[in-house]
Amino acid sequence: MASGWRGNGNGNAGVNVNSDGVSFTAVGDNIGAVTDLTKPVQLEDAIVDMVVNVSPEFKTSAASLQIFAQIKGGSWAGEWNCWSGNELLTAGSDVAITCTISEADKKFDQTDSDVQIGVQAKGTPAGTVTIKSAKVTLKQSTNSSSSTGSVYSANVNSLRELADVTIGIAVSNNDAPSYNILTSAKEKAVVEKHFAQMTAGNIMKMSYLQPTQGNFTFTNADAFVDYANTKNMSIHGHALVWHSDYQVPGFMKNWSGSAADFITALETHITTVVDHFEAKGNVQSWDVVNEALTDGSPSNFRTTDSTFYVKSGNSAVYIEKAFQAARAAAPAAILYYNDYNIEANGAKMTKLEEMLTDFKARNIPIDGVGFQMHVCLNYPSASTIAAAMKRVVDKGLKVKITELDVAINQPYCDNYPANKVSAFTQSVALAQKKRYCDIVKAYMDTVPANLRGGISVWGTTDANTWLNDLYKTQFNNEKISWPLLFDDSYNDKPALRGFADGLQGTTCTNQ
Ligand code: XIL
């Protein structure tokens with residue numbers, strides 16, 4: 001409280017700091033005390049709470065107090081709407097006064113300048129004012145951004161140092177410059193600090209690497225993998241085969257040749273890509289096949305909605321062919337089958353187990369299962385997640401959490417929209433902290449060290465999560481998933497602390 005305060009206003013006599021607080025002598029209009037908030041600080045909708053104590057002379061003078069905030073420099077634009085009238089003040093008593101920084105022109109929606117906040121006398125004051133305490137609560141969220149939270153620190157020096165398990169993150173170098181891993185200083189800083197592995201959010205998918213048959217374009221991916229190498233980070237390769245339309249190369253979608261030739265073309269893709277990255281030395285593992293199973297009960301292999309199934313002659317044989325090609329090209333890489341909802345949907349896991357049993361019986365090379373883990377705040381339960389992972393562990397295979405995010409709102413769980421969470425409040429942030437902890441702990445408790453493929457989160461900040469796009473329509477363009485470890489301004493969220501607690505085996509709490 002005492003540090004950094006100074007007198008403000010023409011003719012001020014400075015501040016007097018003692019164990020009571022910070023005092024100033026109110027010798028005239030606009031005389032007060034201020035302190036600085038160093039950028040970046042996003043003050044729009046922040047709440048400033050102070051406890052003040054005025055002398056009898058101040059009360060008698062009929063002067064008022066005004067909490068204010070000012071952008072330092074330029075025109076020194078400020079928030080001037082917070083008046084605490086003399087009638088609210090009691091001589092010699094502590095009084096709480098408050099101000100919400102809320103300007104119609106949103107002038108505090110900025111992070112480029114330092115800001116000063118303080119309180120000043122209004123009118124023809126006399127006597128002294130003592131600031132007993134001052135607190136700034138940054139906006140926790142609006143519909144479009146999560147907690148600015150620059151006041152919160154998870155106290156985690158480096159997530160990857162906390163346990164003997166690979167901690168990774170999905171990043172981009174082809175989306176917005178604001179979070180391009182090769183150019184954004186903020187993105188780099190957070191990734192290099194906490195993570196030991198990266199996954200390409202998109203650029204190692206099929207059409208990014210082979211847009212037309214025989215033309216491989218590795219430039220983007222190479223820059224990304226090389227950057228990882230310079231930072232001693234490994235790469236989880238994602239994904240060699242995935243049916244999702246936007247990244248299946250046109251030549252595969254439009255395949256009119258034989259099924260056997262299609263399989264050969266698929267093998268060529270895998271062999272070329274895996275060979276290429278083998279030379280880099282840091283691509284440790286691959287999602288060989290992604291999302292080949294349906295969500296129904298019973299679950300089965302995707303059929304008509306998978307180019308690969310259809311063009312392989314209405315057969316799931318492409319899956320084993322893909323694993324065999326990947327193994328041939330990278331004998332030491334860890335090969336995963338990767339899917340979503342296998343932590344929740346028992347029928348899907350049953351189908352997966354069937355495939356794993358079959359692969360084992362026929363010596364099809366597979367090392368583990370990737371659980372994407374795009375989960376909700378309350379669903380599925382940690383025990384359900386643990387039980388699903390155990391089913392893979394029991395097969396002697398590795399478990400990797402490949403795409404973890406914990407959505408606060410999600411159209412298909414936690415009774416949305418009836419229970420829509422409309423603001424990322426502190427209690428929501430803490431519930432998410434516990435949830436991250438519970439999940440990470442379930443993983444650490446269920447998967448023995450030799451079968452841990454690691455845990456990766458799917459993105460850095462809430463501003464850039466893929467869920468904002470995925471649920472745009474359902475969410476009416478509101479960015480209300482808030483699923484990641486860092487807020488819109490790259491500040492730690494309590495979720496980061498929760499992740500760390502889970503890794504360290506600390507009790508998971510929402511405190
Ligand atoms: C997502 C990317 O993050 C988005 O940028 C893209 O528009 C769609 O794909 N499961 C996966 C990932 O395996 O590849 C997906 O990534 C998210 C769901």
# chains A, B, ... in the order shown; residues from 1 in each chain; ligands from 1
$ residues_around --residues "Glu87 of chain A" --least-positions-apart "6" --cutoff "10 Å" --atoms "only C-alpha atoms" --output "ChimeraX atom specification"
/A:59,62-64
$ select_by_dssp --residues "segment 219-467 of chain A" --states "strand (DSSP E)" --output "mmCIF file with C-alpha atoms, in the first residue's frame"
data_model
loop_
_atom_site.group_PDB
_atom_site.id
_atom_site.type_symbol
_atom_site.label_atom_id
_atom_site.label_comp_id
_atom_site.auth_asym_id
_atom_site.auth_seq_id
_atom_site.Cartn_x
_atom_site.Cartn_y
_atom_site.Cartn_z
ATOM 1 C CA SER A 234 10.310 -31.712 -29.425
ATOM 2 C CA ILE A 235 7.413 -31.924 -31.857
ATOM 3 C CA HIS A 236 4.343 -34.099 -31.713
ATOM 4 C CA GLY A 237 3.459 -34.608 -35.377
ATOM 5 C CA VAL A 241 -4.425 -39.075 -41.686
ATOM 6 C CA TRP A 242 -7.610 -37.199 -40.740
ATOM 7 C CA VAL A 283 9.700 -35.086 -34.176
ATOM 8 C CA GLN A 284 9.210 -37.639 -31.458
ATOM 9 C CA SER A 285 5.739 -38.894 -32.059
ATOM 10 C CA TRP A 286 2.879 -38.849 -34.540
ATOM 11 C CA ASP A 287 -0.872 -38.885 -34.547
ATOM 12 C CA VAL A 288 -0.937 -41.415 -37.339
ATOM 13 C CA VAL A 289 -4.704 -41.632 -37.665
ATOM 14 C CA ASN A 290 -7.054 -39.080 -36.170
ATOM 15 C CA ILE A 334 5.930 -43.103 -30.942
ATOM 16 C CA LEU A 335 2.838 -43.814 -33.005
ATOM 17 C CA TYR A 336 -0.592 -42.848 -31.720
ATOM 18 C CA TYR A 337 -4.168 -43.317 -32.677
ATOM 19 C CA ASN A 338 -5.824 -40.033 -31.633
ATOM 20 C CA ASP A 339 -9.490 -39.280 -30.981
ATOM 21 C CA GLY A 368 -0.361 -45.500 -27.809
ATOM 22 C CA VAL A 369 -3.643 -43.682 -27.770
ATOM 23 C CA GLY A 370 -4.007 -39.925 -27.878
ATOM 24 C CA PHE A 371 -6.887 -38.594 -25.856
ATOM 25 C CA HIS A 374 -11.632 -31.290 -25.374
ATOM 26 C CA VAL A 375 -13.646 -31.495 -22.189
ATOM 27 C CA CYS A 376 -16.113 -29.390 -20.243
ATOM 28 C CA LYS A 398 0.937 -45.317 -23.904
ATOM 29 C CA VAL A 399 -1.608 -42.622 -23.095
ATOM 30 C CA LYS A 400 -1.024 -39.079 -24.269
ATOM 31 C CA ILE A 401 -3.368 -36.194 -23.611
ATOM 32 C CA THR A 402 -2.952 -34.466 -26.934
ATOM 33 C CA GLU A 403 -5.308 -31.461 -27.105
ATOM 34 C CA LEU A 404 -6.465 -30.564 -23.630
ATOM 35 C CA ASP A 405 -8.826 -27.665 -23.123
ATOM 36 C CA VAL A 406 -11.537 -27.163 -20.511
ATOM 37 C CA ALA A 407 -14.465 -25.202 -21.906
ATOM 38 C CA ARG A 452 3.033 -41.505 -20.094
ATOM 39 C CA GLY A 453 3.197 -39.892 -23.503
ATOM 40 C CA GLY A 454 2.702 -36.468 -21.966
ATOM 41 C CA ILE A 455 0.065 -33.778 -21.754
ATOM 42 C CA SER A 456 -0.474 -31.084 -24.351
ATOM 43 C CA VAL A 457 -2.907 -28.190 -24.262
#
$ select_by_dssp --residues "segment 29-78 of chain A" --states "alpha helix (DSSP H)" --output "PyMOL selection string"
chain A and resi 56-61
$ closest_residue --among "A:Val34, A:Ala176, A:Ala104, A:Val52" --to "ligand 1" --atoms "only C-alpha atoms and all ligand atoms"
A:Ala176
$ residues_around --residues "Asp462 of chain A" --least-positions-apart "6" --cutoff "7 Å" --atoms "only C-alpha atoms" --output "tab-separated table (two decimals) with all heavy atoms, in the first residue's frame"
chain	number	residue	atom	x	y	z
A	146	SER	N	-11.39	-12.88	-21.86
A	146	SER	CA	-11.34	-13.47	-20.54
A	146	SER	C	-10.60	-12.53	-19.60
A	146	SER	O	-10.14	-11.48	-20.01
A	146	SER	CB	-10.66	-14.82	-20.59
A	146	SER	OG	-9.31	-14.65	-20.88
A	482	TRP	N	-13.41	-19.74	-22.85
A	482	TRP	CA	-12.36	-19.49	-21.85
A	482	TRP	C	-11.65	-20.78	-21.42
A	482	TRP	O	-11.52	-21.07	-20.21
A	482	TRP	CB	-12.97	-18.83	-20.61
A	482	TRP	CG	-13.68	-17.54	-20.86
A	482	TRP	CD1	-13.14	-16.39	-21.36
A	482	TRP	CD2	-15.08	-17.24	-20.61
A	482	TRP	NE1	-14.12	-15.41	-21.43
A	482	TRP	CE2	-15.30	-15.90	-20.97
A	482	TRP	CE3	-16.14	-18.00	-20.10
A	482	TRP	CZ2	-16.55	-15.29	-20.86
A	482	TRP	CZ3	-17.38	-17.39	-19.97
A	482	TRP	CH2	-17.58	-16.05	-20.35
A	483	PRO	N	-11.15	-21.58	-22.38
A	483	PRO	CA	-10.74	-22.94	-22.01
A	483	PRO	C	-9.27	-23.14	-21.64
A	483	PRO	O	-8.89	-24.23	-21.25
A	483	PRO	CB	-11.04	-23.73	-23.29
A	483	PRO	CG	-10.74	-22.75	-24.37
A	483	PRO	CD	-11.12	-21.38	-23.83
A	484	LEU	N	-8.43	-22.09	-21.79
A	484	LEU	CA	-6.99	-22.35	-21.76
A	484	LEU	C	-6.31	-21.85	-20.48
A	484	LEU	O	-6.97	-21.43	-19.54
A	484	LEU	CB	-6.37	-21.77	-23.03
A	484	LEU	CG	-6.83	-22.49	-24.31
A	484	LEU	CD1	-6.40	-21.76	-25.56
A	484	LEU	CD2	-6.32	-23.93	-24.35
A	486	PHE	N	-4.01	-19.36	-20.26
A	486	PHE	CA	-3.61	-17.95	-20.25
A	486	PHE	C	-4.76	-17.09	-20.76
A	486	PHE	O	-5.49	-17.50	-21.67
A	486	PHE	CB	-2.36	-17.74	-21.11
A	486	PHE	CG	-1.23	-18.65	-20.69
A	486	PHE	CD1	-1.01	-19.86	-21.32
A	486	PHE	CD2	-0.43	-18.31	-19.60
A	486	PHE	CE1	-0.01	-20.73	-20.91
A	486	PHE	CE2	0.59	-19.17	-19.17
A	486	PHE	CZ	0.79	-20.38	-19.82
A	487	ASP	N	-4.92	-15.92	-20.17
A	487	ASP	CA	-6.02	-15.05	-20.59
A	487	ASP	C	-5.66	-14.30	-21.86
A	487	ASP	O	-4.56	-14.47	-22.41
A	487	ASP	CB	-6.47	-14.13	-19.44
A	487	ASP	CG	-5.52	-12.97	-19.19
A	487	ASP	OD1	-4.59	-12.73	-19.99
A	487	ASP	OD2	-5.71	-12.28	-18.17
A	488	ASP	N	-6.57	-13.45	-22.29
A	488	ASP	CA	-6.40	-12.78	-23.58
A	488	ASP	C	-5.09	-12.00	-23.68
A	488	ASP	O	-4.57	-11.78	-24.77
A	488	ASP	CB	-7.54	-11.78	-23.82
A	488	ASP	CG	-8.88	-12.48	-23.94
A	488	ASP	OD1	-8.93	-13.71	-23.75
A	488	ASP	OD2	-9.86	-11.78	-24.21
